[in-house]
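**Student:** Handing over protein.pdb, PDB, C-alpha atoms and all ligand atoms.
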ATOM      1  CA  MET G   1       2.599  -7.391  31.608
ATOM      2  CA  GLU G   2       2.163 -11.016  30.518
ATOM      3  CA  GLY G   3       0.003 -13.069  32.840
ATOM      4  CA  GLN G   4      -1.488 -10.021  34.582
ATOM      5  CA  ARG G   5      -5.268  -9.755  34.570
ATOM      6  CA  PHE G   6      -5.426  -5.974  34.908
ATOM      7  CA  LEU G   7      -8.500  -5.720  32.656
ATOM      8  CA  GLU G   8     -10.724  -7.872  34.868
ATOM      9  CA  GLY G   9     -14.228  -6.381  35.132
ATOM     10  CA  LYS G  10     -13.912  -4.561  31.788
ATOM     11  CA  VAL G  11     -15.844  -5.398  28.628
ATOM     12  CA  ALA G  12     -13.985  -5.015  25.344
ATOM     13  CA  LEU G  13     -15.466  -4.898  21.856
ATOM     14  CA  VAL G  14     -13.095  -5.646  18.986
ATOM     15  CA  THR G  15     -14.516  -5.011  15.531
ATOM     16  CA  GLY G  16     -13.408  -7.351  12.749
ATOM     17  CA  ALA G  17     -12.073  -9.874  15.253
ATOM     18  CA  SER G  18     -12.746 -13.018  13.232
ATOM     19  CA  ARG G  19      -9.305 -12.970  11.600
ATOM     20  CA  GLY G  20      -5.890 -11.306  11.442
ATOM     21  CA  ILE G  21      -5.033  -8.453  13.791
ATOM     22  CA  GLY G  22      -8.512  -8.281  15.364
ATOM     23  CA  ALA G  23      -8.439 -11.961  16.369
ATOM     24  CA  ALA G  24      -5.024 -11.493  18.010
ATOM     25  CA  VAL G  25      -6.280  -8.380  19.838
ATOM     26  CA  ALA G  26      -9.362 -10.218  21.132
ATOM     27  CA  LEU G  27      -7.216 -13.062  22.491
ATOM     28  CA  ALA G  28      -4.709 -10.711  24.116
ATOM     29  CA  LEU G  29      -7.475  -8.720  25.829
ATOM     30  CA  ALA G  30      -9.014 -11.966  27.112
ATOM     31  CA  GLN G  31      -5.619 -13.024  28.436
ATOM     32  CA  SER G  32      -5.542  -9.734  30.357
ATOM     33  CA  GLY G  33      -8.893 -10.564  31.981
ATOM     34  CA  ALA G  34     -11.395  -8.565  29.881
ATOM     35  CA  ALA G  35     -14.697 -10.009  28.709
ATOM     36  CA  VAL G  36     -14.551  -9.862  24.925
ATOM     37  CA  ALA G  37     -17.135  -9.210  22.227
ATOM     38  CA  VAL G  38     -15.755 -10.686  18.996
ATOM     39  CA  ASN G  39     -17.380  -8.785  16.144
ATOM     40  CA  PHE G  40     -17.421 -10.248  12.636
ATOM     41  CA  CYS G  41     -19.213  -9.570   9.379
ATOM     42  CA  ARG G  42     -18.905 -12.686   7.183
ATOM     43  CA  SER G  43     -16.537 -15.133   8.936
ATOM     44  CA  ALA G  44     -18.925 -16.604  11.514
ATOM     45  CA  ALA G  45     -17.130 -19.899  12.139
ATOM     46  CA  GLN G  46     -13.786 -18.167  12.609
ATOM     47  CA  ALA G  47     -15.315 -15.639  15.017
ATOM     48  CA  GLU G  48     -16.914 -18.438  17.066
ATOM     49  CA  GLU G  49     -13.516 -20.116  17.287
ATOM     50  CA  VAL G  50     -11.846 -16.860  18.447
ATOM     51  CA  ALA G  51     -14.552 -16.464  21.126
ATOM     52  CA  ARG G  52     -14.016 -20.078  22.230
ATOM     53  CA  ARG G  53     -10.258 -19.494  22.552
ATOM     54  CA  CYS G  54     -10.915 -16.281  24.528
ATOM     55  CA  ARG G  55     -13.086 -18.246  26.981
ATOM     56  CA  GLU G  56     -10.136 -20.577  27.592
ATOM     57  CA  TRP G  57      -8.640 -17.643  29.519
ATOM     58  CA  GLY G  58     -11.550 -17.838  31.964
ATOM     59  CA  VAL G  59     -13.390 -14.775  30.687
ATOM     60  CA  LYS G  60     -16.799 -14.292  29.093
ATOM     61  CA  ALA G  61     -16.546 -14.007  25.315
ATOM     62  CA  GLN G  62     -19.068 -14.177  22.511
ATOM     63  CA  ALA G  63     -19.165 -13.624  18.752
ATOM     64  CA  PHE G  64     -21.506 -10.890  17.479
ATOM     65  CA  ARG G  65     -22.333 -10.359  13.806
ATOM     66  CA  ALA G  66     -22.617  -6.773  12.577
ATOM     67  CA  ASP G  67     -21.577  -4.868   9.495
ATOM     68  CA  VAL G  68     -19.872  -1.766  10.888
ATOM     69  CA  THR G  69     -20.829   0.250   7.800
ATOM     70  CA  ASP G  70     -24.502   0.185   8.856
ATOM     71  CA  PRO G  71     -25.304   2.555  11.755
ATOM     72  CA  GLU G  72     -28.436   0.568  12.679
ATOM     73  CA  GLU G  73     -26.468  -2.701  12.872
ATOM     74  CA  VAL G  74     -23.852  -0.946  15.015
ATOM     75  CA  ARG G  75     -26.604   0.272  17.355
ATOM     76  CA  ARG G  76     -27.950  -3.275  17.668
ATOM     77  CA  LEU G  77     -24.400  -4.615  18.168
ATOM     78  CA  PHE G  78     -23.798  -2.385  21.201
ATOM     79  CA  ALA G  79     -27.214  -3.235  22.640
ATOM     80  CA  ALA G  80     -26.550  -6.983  22.237
ATOM     81  CA  VAL G  81     -23.064  -6.774  23.773
ATOM     82  CA  SER G  82     -24.423  -4.739  26.668
ATOM     83  CA  ALA G  83     -27.176  -7.300  27.301
ATOM     84  CA  GLU G  84     -24.887 -10.342  27.069
ATOM     85  CA  LEU G  85     -21.570  -9.145  28.521
ATOM     86  CA  GLY G  86     -22.177  -5.658  29.900
ATOM     87  CA  PRO G  87     -21.568  -2.179  28.520
ATOM     88  CA  VAL G  88     -18.406  -1.646  26.490
ATOM     89  CA  SER G  89     -15.570   0.234  28.157
ATOM     90  CA  ILE G  90     -12.774  -0.771  25.763
ATOM     91  CA  LEU G  91     -13.449  -0.286  22.059
ATOM     92  CA  VAL G  92     -10.958  -1.423  19.439
ATOM     93  CA  ASN G  93     -11.889  -0.166  15.983
ATOM     94  CA  ASN G  94     -10.033  -2.732  13.930
ATOM     95  CA  ALA G  95     -12.413  -3.804  11.123
ATOM     96  CA  GLY G  96     -10.962  -2.588   7.877
ATOM     97  CA  MET G  97     -10.187  -3.370   4.278
ATOM     98  CA  GLY G  98      -7.399  -2.545   1.870
ATOM     99  CA  LEU G  99      -7.354  -1.449  -1.746
ATOM    100  CA  ARG G 100      -4.307  -1.423  -3.958
ATOM    101  CA  ARG G 101      -5.231   0.598  -7.001
ATOM    102  CA  LEU G 102      -4.084   3.640  -8.952
ATOM    103  CA  LEU G 103      -6.306   6.554  -8.002
ATOM    104  CA  VAL G 104      -7.447   7.017 -11.600
ATOM    105  CA  ASP G 105      -8.597   3.370 -11.690
ATOM    106  CA  THR G 106     -10.541   3.569  -8.411
ATOM    107  CA  SER G 107     -14.299   3.440  -8.918
ATOM    108  CA  ASP G 108     -16.926   5.429  -7.005
ATOM    109  CA  GLU G 109     -18.116   2.175  -5.425
ATOM    110  CA  GLU G 110     -14.612   1.201  -4.249
ATOM    111  CA  TRP G 111     -14.004   4.657  -2.771
ATOM    112  CA  GLU G 112     -17.368   4.677  -1.004
ATOM    113  CA  LYS G 113     -16.874   1.165   0.406
ATOM    114  CA  LEU G 114     -13.373   1.931   1.729
ATOM    115  CA  LEU G 115     -14.607   5.093   3.402
ATOM    116  CA  ARG G 116     -17.576   3.321   4.950
ATOM    117  CA  VAL G 117     -15.593   0.363   6.333
ATOM    118  CA  ASN G 118     -12.422   2.182   7.424
ATOM    119  CA  LEU G 119     -13.834   5.520   8.613
ATOM    120  CA  SER G 120     -17.629   5.523   8.975
ATOM    121  CA  GLY G 121     -17.477   2.219  10.912
ATOM    122  CA  PRO G 122     -15.174   3.618  13.629
ATOM    123  CA  PHE G 123     -17.274   6.820  13.727
ATOM    124  CA  TYR G 124     -20.500   4.859  14.339
ATOM    125  CA  CYS G 125     -18.825   2.652  16.961
ATOM    126  CA  CYS G 126     -17.332   5.619  18.855
ATOM    127  CA  ARG G 127     -20.746   7.322  18.825
ATOM    128  CA  GLU G 128     -22.375   4.261  20.402
ATOM    129  CA  ALA G 129     -19.575   3.614  22.914
ATOM    130  CA  LEU G 130     -19.066   7.115  24.298
ATOM    131  CA  PRO G 131     -22.247   7.780  26.315
ATOM    132  CA  PHE G 132     -21.539   4.865  28.703
ATOM    133  CA  MET G 133     -17.798   5.648  28.871
ATOM    134  CA  ILE G 134     -18.584   9.270  29.732
ATOM    135  CA  ARG G 135     -21.098   8.208  32.402
ATOM    136  CA  GLN G 136     -18.625   5.862  34.081
ATOM    137  CA  ARG G 137     -15.777   8.332  33.548
ATOM    138  CA  TRP G 138     -13.491   5.636  32.152
ATOM    139  CA  GLY G 139     -12.954   4.373  28.652
ATOM    140  CA  ARG G 140     -10.380   3.292  26.129
ATOM    141  CA  ILE G 141     -10.741   3.703  22.387
ATOM    142  CA  ILE G 142      -8.010   2.280  20.191
ATOM    143  CA  ASN G 143      -8.224   2.842  16.457
ATOM    144  CA  ILE G 144      -6.220   0.626  14.148
ATOM    145  CA  ALA G 145      -4.979   3.082  11.524
ATOM    146  CA  SER G 146      -1.914   2.462   9.337
ATOM    147  CA  VAL G 147       1.507   3.887   8.674
ATOM    148  CA  TRP G 148       0.131   4.749   5.222
ATOM    149  CA  GLY G 149      -2.262   7.160   6.923
ATOM    150  CA  ILE G 150       0.772   9.206   7.960
ATOM    151  CA  THR G 151       3.243   8.795   5.112
ATOM    152  CA  GLY G 152       0.833   8.241   2.216
ATOM    153  CA  ALA G 153       1.525   5.504  -0.332
ATOM    154  CA  SER G 154       1.506   5.228  -4.080
ATOM    155  CA  CYS G 155      -1.350   3.000  -5.343
ATOM    156  CA  GLU G 156      -2.959   3.303  -1.901
ATOM    157  CA  ALA G 157      -4.177   6.917  -1.977
ATOM    158  CA  ALA G 158      -7.782   6.014  -1.160
ATOM    159  CA  TYR G 159      -6.793   3.588   1.614
ATOM    160  CA  ALA G 160      -4.279   6.061   3.059
ATOM    161  CA  ALA G 161      -6.919   8.814   3.006
ATOM    162  CA  THR G 162      -9.293   6.702   5.123
ATOM    163  CA  LYS G 163      -6.532   5.983   7.626
ATOM    164  CA  GLY G 164      -5.433   9.628   7.710
ATOM    165  CA  GLY G 165      -9.052  10.470   8.478
ATOM    166  CA  LEU G 166      -9.065   7.903  11.291
ATOM    167  CA  ILE G 167      -5.977   9.530  12.791
ATOM    168  CA  ALA G 168      -7.664  12.950  12.705
ATOM    169  CA  LEU G 169     -10.762  11.407  14.330
ATOM    170  CA  THR G 170      -8.521   9.925  17.044
ATOM    171  CA  LYS G 171      -6.765  13.202  17.846
ATOM    172  CA  SER G 172      -9.965  15.227  17.835
ATOM    173  CA  LEU G 173     -11.892  12.808  20.015
ATOM    174  CA  ALA G 174      -9.011  12.627  22.492
ATOM    175  CA  ARG G 175      -9.414  16.384  22.979
ATOM    176  CA  GLU G 176     -13.195  16.137  23.147
ATOM    177  CA  VAL G 177     -13.507  13.380  25.782
ATOM    178  CA  GLY G 178     -10.168  13.354  27.598
ATOM    179  CA  SER G 179     -11.570  15.201  30.611
ATOM    180  CA  ALA G 180     -14.082  12.350  31.087
ATOM    181  CA  GLY G 181     -11.303   9.864  31.836
ATOM    182  CA  ILE G 182     -11.323   8.427  28.333
ATOM    183  CA  THR G 183      -8.245   7.945  26.193
ATOM    184  CA  VAL G 184      -8.393   7.727  22.413
ATOM    185  CA  ASN G 185      -5.284   6.544  20.618
ATOM    186  CA  ALA G 186      -4.350   5.067  17.263
ATOM    187  CA  LEU G 187      -1.931   2.371  16.229
ATOM    188  CA  ALA G 188      -0.189   2.787  12.906
ATOM    189  CA  PRO G 189       1.054  -0.649  11.879
ATOM    190  CA  GLY G 190       3.376  -1.171   8.949
ATOM    191  CA  PRO G 191       3.050  -4.388   6.935
ATOM    192  CA  ILE G 192       1.626  -7.133   9.183
ATOM    193  CA  GLU G 193       1.281 -10.753   8.055
ATOM    194  CA  THR G 194      -2.473 -11.204   7.578
ATOM    195  CA  ASP G 195      -4.959 -12.067   4.795
ATOM    196  CA  LEU G 196      -5.223  -8.352   3.952
ATOM    197  CA  LEU G 197      -1.533  -8.153   3.020
ATOM    198  CA  ARG G 198      -1.429 -11.586   1.372
ATOM    199  CA  GLU G 199      -4.436 -10.711  -0.823
ATOM    200  CA  GLU G 200      -2.755  -7.534  -2.076
ATOM    201  CA  LEU G 201       0.861  -8.530  -2.583
ATOM    202  CA  ALA G 202       2.516 -11.472  -4.334
ATOM    203  CA  PRO G 203       4.955 -13.590  -2.263
ATOM    204  CA  GLU G 204       7.960 -11.979  -3.997
ATOM    205  CA  GLU G 205       6.591  -8.494  -3.239
ATOM    206  CA  LEU G 206       6.148  -9.508   0.414
ATOM    207  CA  ALA G 207       9.756 -10.736   0.539
ATOM    208  CA  ALA G 208      11.029  -7.450  -0.945
ATOM    209  CA  LEU G 209       8.936  -5.520   1.546
ATOM    210  CA  ALA G 210      10.339  -7.522   4.478
ATOM    211  CA  GLU G 211      13.853  -6.800   3.264
ATOM    212  CA  ALA G 212      13.161  -3.044   3.134
ATOM    213  CA  ILE G 213      12.112  -3.002   6.801
ATOM    214  CA  PRO G 214      15.014  -2.281   9.164
ATOM    215  CA  SER G 215      13.876  -5.107  11.462
ATOM    216  CA  GLY G 216      14.208  -7.404   8.429
ATOM    217  CA  ARG G 217      10.741  -8.929   8.564
ATOM    218  CA  LEU G 218       7.019  -8.261   8.439
ATOM    219  CA  GLY G 219       5.120  -7.614  11.664
ATOM    220  CA  ARG G 220       2.918 -10.148  13.429
ATOM    221  CA  PRO G 221      -0.698  -9.654  14.554
ATOM    222  CA  GLU G 222       0.349 -10.537  18.127
ATOM    223  CA  GLU G 223       2.724  -7.561  18.129
ATOM    224  CA  VAL G 224      -0.105  -5.175  17.290
ATOM    225  CA  ALA G 225      -2.233  -6.896  19.949
ATOM    226  CA  ALA G 226       0.428  -6.346  22.627
ATOM    227  CA  ALA G 227       0.468  -2.604  21.911
ATOM    228  CA  CYS G 228      -3.307  -2.555  22.046
ATOM    229  CA  VAL G 229      -3.359  -4.224  25.462
ATOM    230  CA  PHE G 230      -0.807  -1.710  26.718
ATOM    231  CA  LEU G 231      -2.961   1.230  25.551
ATOM    232  CA  ALA G 232      -5.979  -0.355  27.290
ATOM    233  CA  SER G 233      -4.030  -0.902  30.520
ATOM    234  CA  PRO G 234      -4.058   1.333  33.614
ATOM    235  CA  ALA G 235      -0.363   2.063  32.906
ATOM    236  CA  ALA G 236      -1.349   3.976  29.756
ATOM    237  CA  ALA G 237      -3.883   6.277  31.455
ATOM    238  CA  PHE G 238      -1.961   9.449  30.520
ATOM    239  CA  ILE G 239      -1.334   8.492  26.889
ATOM    240  CA  ASN G 240      -4.019  10.254  24.884
ATOM    241  CA  GLY G 241      -4.408  11.403  21.291
ATOM    242  CA  GLN G 242      -1.267   9.555  20.211
ATOM    243  CA  VAL G 243      -0.403   7.573  17.121
ATOM    244  CA  LEU G 244       1.947   4.706  17.877
ATOM    245  CA  GLY G 245       3.920   3.327  14.942
ATOM    246  CA  LEU G 246       4.507  -0.441  14.739
ATOM    247  CA  ASP G 247       6.590  -0.929  11.638
ATOM    248  CA  GLY G 248      10.024  -2.288  12.522
ATOM    249  CA  GLY G 249      11.554   1.140  11.862
ATOM    250  CA  TRP G 250      10.295   1.193   8.276
ATOM    251  CA  ALA G 251       8.811   4.691   8.290
ATOM    252  CA  PRO G 252       9.897   6.490  11.460
ATOM    253  CA  PHE G 253       7.906   9.637  12.153
TER
HETATM  254  P1  LIG G 301      -7.941  -8.938   7.554
HETATM  255  O1  LIG G 301      -7.088 -10.094   7.943
HETATM  256  O2  LIG G 301      -8.354  -8.772   6.140
HETATM  257  O3  LIG G 301      -9.241  -8.942   8.495
HETATM  258  C1  LIG G 301     -10.203  -7.939   8.337
HETATM  259  C2  LIG G 301     -11.240  -8.059   9.429
HETATM  260  O4  LIG G 301     -12.161  -6.977   9.279
HETATM  261  C3  LIG G 301     -12.028  -9.353   9.346
HETATM  262  O5  LIG G 301     -12.239  -9.857  10.645
HETATM  263  C4  LIG G 301     -13.346  -8.905   8.720
HETATM  264  O6  LIG G 301     -14.458  -9.660   9.172
HETATM  265  C5  LIG G 301     -13.472  -7.506   9.284
HETATM  266  N1  LIG G 301     -14.385  -6.665   8.496
HETATM  267  C6  LIG G 301     -14.231  -6.226   7.222
HETATM  268  N2  LIG G 301     -15.303  -5.498   6.848
HETATM  269  C7  LIG G 301     -16.139  -5.469   7.917
HETATM  270  C8  LIG G 301     -17.396  -4.884   8.163
HETATM  271  N3  LIG G 301     -18.007  -4.145   7.214
HETATM  272  N4  LIG G 301     -17.975  -5.042   9.376
HETATM  273  C9  LIG G 301     -17.360  -5.769  10.348
HETATM  274  N5  LIG G 301     -16.160  -6.367  10.157
HETATM  275  C10 LIG G 301     -15.563  -6.222   8.967
HETATM  276  O7  LIG G 301      -7.237  -7.559   7.949
HETATM  277  P2  LIG G 301      -6.056  -7.220   8.982
HETATM  278  O8  LIG G 301      -4.783  -7.191   8.223
HETATM  279  O9  LIG G 301      -6.178  -8.032  10.206
HETATM  280  O10 LIG G 301      -6.418  -5.689   9.286
HETATM  281  C11 LIG G 301      -7.054  -5.267  10.456
HETATM  282  C12 LIG G 301      -6.929  -3.752  10.539
HETATM  283  O11 LIG G 301      -5.545  -3.395  10.555
HETATM  284  C13 LIG G 301      -7.539  -3.019   9.346
HETATM  285  O12 LIG G 301      -8.172  -1.834   9.786
HETATM  286  C14 LIG G 301      -6.329  -2.685   8.489
HETATM  287  O13 LIG G 301      -6.539  -1.561   7.677
HETATM  288  C15 LIG G 301      -5.289  -2.420   9.556
HETATM  289  N6  LIG G 301      -3.891  -2.563   9.083
HETATM  290  C16 LIG G 301      -3.453  -3.751   8.565
HETATM  291  C17 LIG G 301      -2.128  -3.839   8.123
HETATM  292  C18 LIG G 301      -1.567  -5.107   7.530
HETATM  293  O14 LIG G 301      -0.471  -5.047   6.963
HETATM  294  N7  LIG G 301      -2.212  -6.235   7.653
HETATM  295  C19 LIG G 301      -1.286  -2.720   8.206
HETATM  296  C20 LIG G 301      -1.787  -1.540   8.745
HETATM  297  C21 LIG G 301      -3.090  -1.478   9.176
HETATM  298  P3  LIG G 301     -15.188 -10.842   8.316
HETATM  299  O15 LIG G 301     -14.115 -11.720   7.767
HETATM  300  O16 LIG G 301     -16.034 -11.515   9.374
HETATM  301  O17 LIG G 301     -16.018 -10.191   7.275
END
Before anything else, please render the file you have as structure tokens.
Ligand code: NAP

**Tutor:**
Amino acid sequence: MEGQRFLEGKVALVTGASRGIGAAVALALAQSGAAVAVNFCRSAAQAEEVARRCREWGVKAQAFRADVTDPEEVRRLFAAVSAELGPVSILVNNAGMGLRRLLVDTSDEEWEKLLRVNLSGPFYCCREALPFMIRQRWGRIINIASVWGITGASCEAAYAATKGGLIALTKSLAREVGSAGITVNALAPGPIETDLLREELAPEELAALAEAIPSGRLGRPEEVAAACVFLASPAAAFINGQVLGLDGGWAPF
């Protein structure tokens, strides 16, 4: 599919696109011809740079600040994107955070924050995106979940619970809006080399993890982005309510 601009005329919003997986997704969507809204919360300079690199592909792209945990900010985000680039027809719910902690050591605040970023954020964004998608009878929603949301993980119970919830949201919404020409799918990456992973695991833990993966290495943000572009493409029109694993064979399901 490389080099094909099959998303020309579409507007994509990628949440948490200032860094890591989201930045790679934004660039890959731009390469496929979509106009791209690069959402960020704190990393303004990085988001501006991602938007600039998107524009190098000859598409419109702009950085938009919004905290996805705030429903009012999400409402304003969609209004601003619509005014500047046009209404969103491809939504990638990528913004997220990790937490590596024994359940008994997890505070109320940590639990609440994880839930709000990883699950409420996608809920608010879907709620804003759907009315236009339903009206135009075309839409793509791609939720970045995690393999931990399927298998569970020790010391990641809270994180895994938010991602399991996101998978249930994906499957339910696919049933709810499929007849309107909208697909809703989730990606379930295994360990991908980004800040999130580097902040949680020491270099020797990362090396041990890479060794335990049948493919013998960690994943790359660009590999998640490629799957995302495929799910947004016309070729994936009949793929709906699915969870696609991207983990080098680490946790087949
Ligand atoms: P990352 O490098 O830590 O980047 C996180 C992104 O989320 C940043 O752009 C950050 O924006 C944004 N963000 C965080 N809180 C936000 C908020 N309240 N509102 C808007 N944006 C917010 O993480 P990553 O590894 O790329 O992860 C991206 C997604 O993939 C997450 O949902 C994560 O759970 C999932 N995932 C990652 C892995 C992995 O191994 N890396 C594996 C499976 C799933 P600012 O910097 O601008 O605040």

**Student:** Please identify every polymer residue within 6 Å of ligand LIG 301 (chain G), using only C-alpha atoms and all ligand atoms, and present the set as a VMD selection string.

**Tutor:** chain G and resid 15 to 22 40 to 43 66 to 69 94 to 98 117 144 to 146 189 to 197

**Student:** Between CA of Asn185 (chain G) and CA of Ala23 (chain G), what is the distance, to one decimal in Å?

**Tutor:**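 Interatomic distance here is 19.2 Å.
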
**Student:** Need to verify the contact set: region 208-215 of chain G, 9 Å, all atoms listed in the file, exclusion of same-chain residues closer than 4 positions in sequence. Can you return it as a PyMOL selection string?

**Tutor:** chain G and resi 191+203-204+219+247-251

**Student:** Would you please work out which residue, of G:Leu187, G:Cys126, G:Val92, G:Val81, is nearest to Leu173 (chain G) when using all atoms listed in the file?

**Tutor:**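 Closest to Leu173 (chain G) of all the choices is G:Cys126.
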
**Student:** With all atoms listed in the file as the counted atoms, please give the residues lying no more than 12 Å from Thr162 (chain G), apart from itself and same-chain residues fewer than 5 positions off, as a PyMOL selection string.

**Tutor:** chain G and resi 96-99+111-123+144-150+152+156-157+167-169

**Student:** Find, counting all atoms listed in the file, the residue in G:Ile141, G:Val177, G:Ala227, G:Leu103 that gets nearest to Cys155 (chain G).

**Tutor:**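 Of G:Ile141, G:Val177, G:Ala227, G:Leu103, the one nearest Cys155 (chain G) is G:Leu103, counting all atoms listed in the file.
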
**Student:** Suppose you want the space between CA of Leu201 (chain G) and CA of Val243 (chain G); what is it in Å?

**Tutor:** 25.5 Å

**Student:** Do a neighbour search on region 46-55 of chain G at 6 Å with only C-alpha atoms, toss out local chain neighbours closer than 6 positions, and write the hits as a ChimeraX atom specification.

**Tutor:** /G:18,27,30,61-63

**Student:** What is the CA of Leu13 (chain G) to CA of Asn93 (chain G) distance in Å?

**Tutor:** 8.3 Å

**Student:** The PyMOL selection byres (((chain G and resi 131-138) around 7) and not hetatm) on the file shown: which residues, as a compact mmCIF listing (two decimals) with C-alpha atoms, keeping the file's coordinate frame?

**Tutor:**
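File written: part13.txt
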# COMPACT_ATOMS: atom_id res chain seq x y z
CA SER G 89 -15.57 0.23 28.16
CA GLU G 128 -22.38 4.26 20.40
CA ALA G 129 -19.58 3.61 22.91
CA LEU G 130 -19.07 7.12 24.30
CA GLY G 139 -12.95 4.37 28.65
CA ALA G 180 -14.08 12.35 31.09
CA GLY G 181 -11.30 9.86 31.84
CA ILE G 182 -11.32 8.43 28.33

**Student:** When distances are computed from all atoms listed in the file, which of G:Ser179, G:Asn39, G:Ser233, G:Thr170 shows the smallest separation from Phe64 (chain G)?

**Tutor:**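 Ranking G:Ser179, G:Asn39, G:Ser233, G:Thr170 by distance to Phe64 (chain G), first place goes to G:Asn39.
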
**Student:** As a check of understanding, name the residues that the PyMOL selection byres (((chain G and resi 229) around 9) and not hetatm) selects in the supplied structure, as a ChimeraX atom specification.

**Tutor:** /G:7,25,28-29,32,224-228,230-233

**Student:** Find the residue from G:Ser82, G:Glu110, G:Gly9, G:Tyr124 that sits nearest to Asp70 (chain G); use only C-alpha atoms when measuring.

**Tutor:** G:Tyr124

**Student:** What residues come out when you apply the PyMOL selection byres (((chain G and resi 86) around 10) and not hetatm) to this file, written as a list in words?

**Tutor:**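 On the file shown, the PyMOL selection byres (((chain G and resi 86) around 10) and not hetatm) covers Gly9, Lys10, Val11, Ala12, Ala35, Ala37, Phe78, Ala79, Ala80, Val81, Ser82, Ala83, Glu84, Leu85, Pro87, Val88 and Ser89 of chain G.
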
**Student:** Considering all atoms listed in the file, state which residue in the set G:Ala161, G:Val59, G:Leu246, G:Ala34 is at the smallest distance from Glu222 (chain G).

**Tutor:**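 Ranked by minimum distance to Glu222 (chain G), first place goes to G:Leu246.
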